[in-house]
Amino acid sequence: MSDAEPGSVAVIGAGPAGFSAAAELRRRGFAGRIQLLDPTGAPYDRPPLSKGYLAGGSAAALSLAEESWYSANSVSVTAGTAARIDPDSGTVLLDGGGEIQADVLLLATGGKARTLPFPGSGLLHTLRSRADADVLRCRLGAGKRLVIIGAGLIGAEVAATAAALGTAVVLIDPVPVPLVPAVGPELAGYLHSLHARRGVESLTALPVDVVADGGALAVLLEDGTSVAADTVLAAVGMVPDTALAEAAGLAVEDGIVVEGNGRTSHPRVFAAGDAVRRRINGVLERRSEHWDAAVRSGQAAAAGILGQEPEQDAVPWFWTDRYGVHAEAVGQMSAVGVTVERGKPGPDYVVFRITPDGTLAGAAGADAGNSLRAARRLIALGKTVDAAALADPAVDLRRLLRSRP
């Protein structure tokens with residue numbers, strides 16, 4: 001270990017970003033002490049919370065690693081909440097007493113569910129944690145009525161899970177077709193159409209309050225109508241959890257500001273995950289709230305902690321599952337350019353976004369994993385593409401990878 005490397009690292013937040021940082025530290029040869037701190041204790045995965053786990057899956061299936069991994073890699077896990085950090089001394093003060101000391105602190109605090117400015121917001125459920133899922137899944141099933149405010153990724157996934165359990169579901173969103181910027185209007189329209197096919201009602205409306213109505217609830221809409229429910233879920237996104245960073249005087253601007261290697265404005269503190277915004281070449285990027293981005297930012301922070309270069313930025317990628325359909329998107333589907341469709345809505349359907357210079361900016365598809373993996377490589381390589389070849393299902397996209405730029 002070089003002199004530039006610390007002797008100990010404390011990771012605050014043990015979600016995918018925090019866990020991947022710990023794993024990457026060991027992969028890169030770090031031999032010092034690693035301590036993970038999280039209110040829930042052992043790290044667990046979040047994507048299944050709206051799908052398999054919500055449907056009744058086991059908590060064990062959420063684990064990011066076998067219990068033996070932590071002892072084998074000398075990573076200690078503490079169940080607790082950080083109340084305050086002192087960057088200068090490397091101290092983490094715990095809620096309820098006690099402290100953790102480390103040479104370097106890594107903030108992987110993630111985000112909190114965005115709240116709605118309703119007088120009746122206290123009647124709403126959210127879904128950010130396993131505890132949230134535990135409460136919600138007890139309220140699903142035949143004879144139950146669930147209203148979901150927000151039809152984006154989480155709202156749509158919960159709707160599919162709840163409907164499969166026999167729950168009567170109503171989705172409410174002011175946007176007629178959600179996810180257009182992320183996957184393009186063609187795929188977004190197909191995905192949104194799946195709700196009606198499975199008996200889920202979708203309303204394009206603006207909720208203004210939730211009130212108790214006898215033994216049930218009523219979601220009041222801007223047009224004066226209301227929707228009855230037993231349970232109301234707010235799935236309207238998240239806000240970054242920057243409280244520790246702000247209190248410690250770190251640079252914060254709708255997220256913890258970091259360099260490409262995860263370093264914050266204090267040399268002893270790094271940050272990763274949903275709560276960070278990278279400043280690259282002087283430009284402050286938008287936050288990314290997807291699983292793959294969280295994992296990669298944790299890995300980049302691990303490299304930065306060790307004074308090493310992070311891996312080259314990967315082409316953005318995310319996925320979502322609903323009604324048995326697995327959708328993925330890579331790159332930027334909202335980039336300037338033209339759209340090319342491959343196949344028809346259904347399995348192996350892909351939509352490509354081609355820039356004016358003929359390179360591929362983004363791709364999104366349904367049950368088309370091989371095509372999306374090839375598209376991601378095409379984007380990374382910056383190859384010019386032929387629109388006719390992309391549109392032809394008979395053309396193996398891997399062949400385009402072998403073609404000249």
# chains A, B, ... in the order shown; residues from 1 in each chain; ligands from 1
>>> residues_around(residues="Val208 of chain A", least_positions_apart="4", cutoff="12 Å", atoms="only C-alpha atoms", output="PyMOL selection string")
chain A and resi 116-121+149+172-174+218-227
>>> select_by_dssp(residues="segment 86-294 of chain A", states="strand (DSSP E or B)", output="PyMOL selection string")
chain A and resi 86+91-94+99-101+104-107+111-113+125+145-149+168-173+201-204+207-213+216-221+226-229+231-234+238-240+252+256-258+263+269-271+276-280+283-284
>>> residues_around(residues="segment 135-143 of chain A", least_positions_apart="6", cutoff="7 Å", atoms="only C-alpha atoms", output="tab-separated table (two decimals) with C-alpha atoms, in the first residue's frame")
chain	number	residue	atom	x	y	z
A	54	LEU	CA	-43.34	-6.56	-2.68
A	55	ALA	CA	-45.06	-9.65	-4.06
A	162	ALA	CA	-50.25	-5.07	-7.03
A	165	LEU	CA	-51.95	-9.92	-6.51
A	166	GLY	CA	-55.57	-9.06	-7.33
A	167	THR	CA	-55.49	-5.45	-6.12
>>> closest_residue(among="A:Leu191, A:Ala60, A:Ala10, A:Ala196", to="Ala42 of chain A", atoms="only C-alpha atoms")
A:Ala60
>>> atom_distance(atom1="atom CA of Asp230 of chain A", atom2="atom CA of Gly56 of chain A")
19.4 Å
>>> closest_residue(among="A:Ser76, A:Asp392, A:Gly358, A:Ala234", to="Gly122 of chain A", atoms="only C-alpha atoms")
A:Ala234
>>> closest_residue(among="A:His192, A:Arg342, A:Arg268, A:Arg398", to="Glu5 of chain A", atoms="only C-alpha atoms")
A:Arg268
>>> residues_around(residues="Ser334 of chain A", least_positions_apart="3", cutoff="8 Å", atoms="only C-alpha atoms", output="number ranges by chain")
A: 181-184, 353
>>> write_last_selection(atoms="C-alpha atoms", output="PDB file, in the first residue's frame")
ATOM      1  CA  PRO A 181     -37.490  11.519 -22.102  1.00  0.00           C
ATOM      2  CA  ALA A 182     -35.938   8.285 -20.829  1.00  0.00           C
ATOM      3  CA  VAL A 183     -37.074   5.740 -23.430  1.00  0.00           C
ATOM      4  CA  GLY A 184     -38.605   7.786 -26.243  1.00  0.00           C
ATOM      5  CA  ARG A 353     -31.941   7.456 -31.588  1.00  0.00           C
TER       6      ARG A 353
END
>>> closest_residue(among="A:Val350, A:Leu390, A:Ala79, A:Leu107", to="Leu250 of chain A", atoms="only C-alpha atoms")
A:Leu107
>>> select_by_dssp(residues="segment 143-200 of chain A", states="helix (DSSP H, G or I)", output="PyMOL selection string")
chain A and resi 153-164+180-197
>>> residues_around(residues="segment 399-401 of chain A", least_positions_apart="3", cutoff="12 Å", atoms="only C-alpha atoms", output="list in words")
Thr359, Leu360, Ser371, Arg373, Ala374, Ala375, Arg376, Arg377, Leu378, Ile379, Ala380, Leu381, Gly382, Lys383, Thr384, Val385, Asp386, Ala387, Ala388, Ala389, Leu390, Ala394, Val395, Asp396, Arg404 and Pro405 of chain A
>>> closest_residue(among="A:Arg130, A:His290, A:Arg33, A:Arg28", to="Ser63 of chain A", atoms="only C-alpha atoms")
A:Arg130
>>> atom_distance(atom1="atom CA of Ala61 of chain A", atom2="atom CA of Leu49 of chain A")
10.6 Å
>>> residues_around(residues="Leu306 of chain A", least_positions_apart="2", cutoff="12 Å", atoms="only C-alpha atoms", output="PyMOL selection string")
chain A and resi 1-9+21-22+24-32+103-104+261-263+268+270+299-304+308-310
>>> closest_residue(among="A:Pro267, A:Gly237, A:Gly346, A:Gly152", to="Gly90 of chain A", atoms="only C-alpha atoms")
A:Pro267
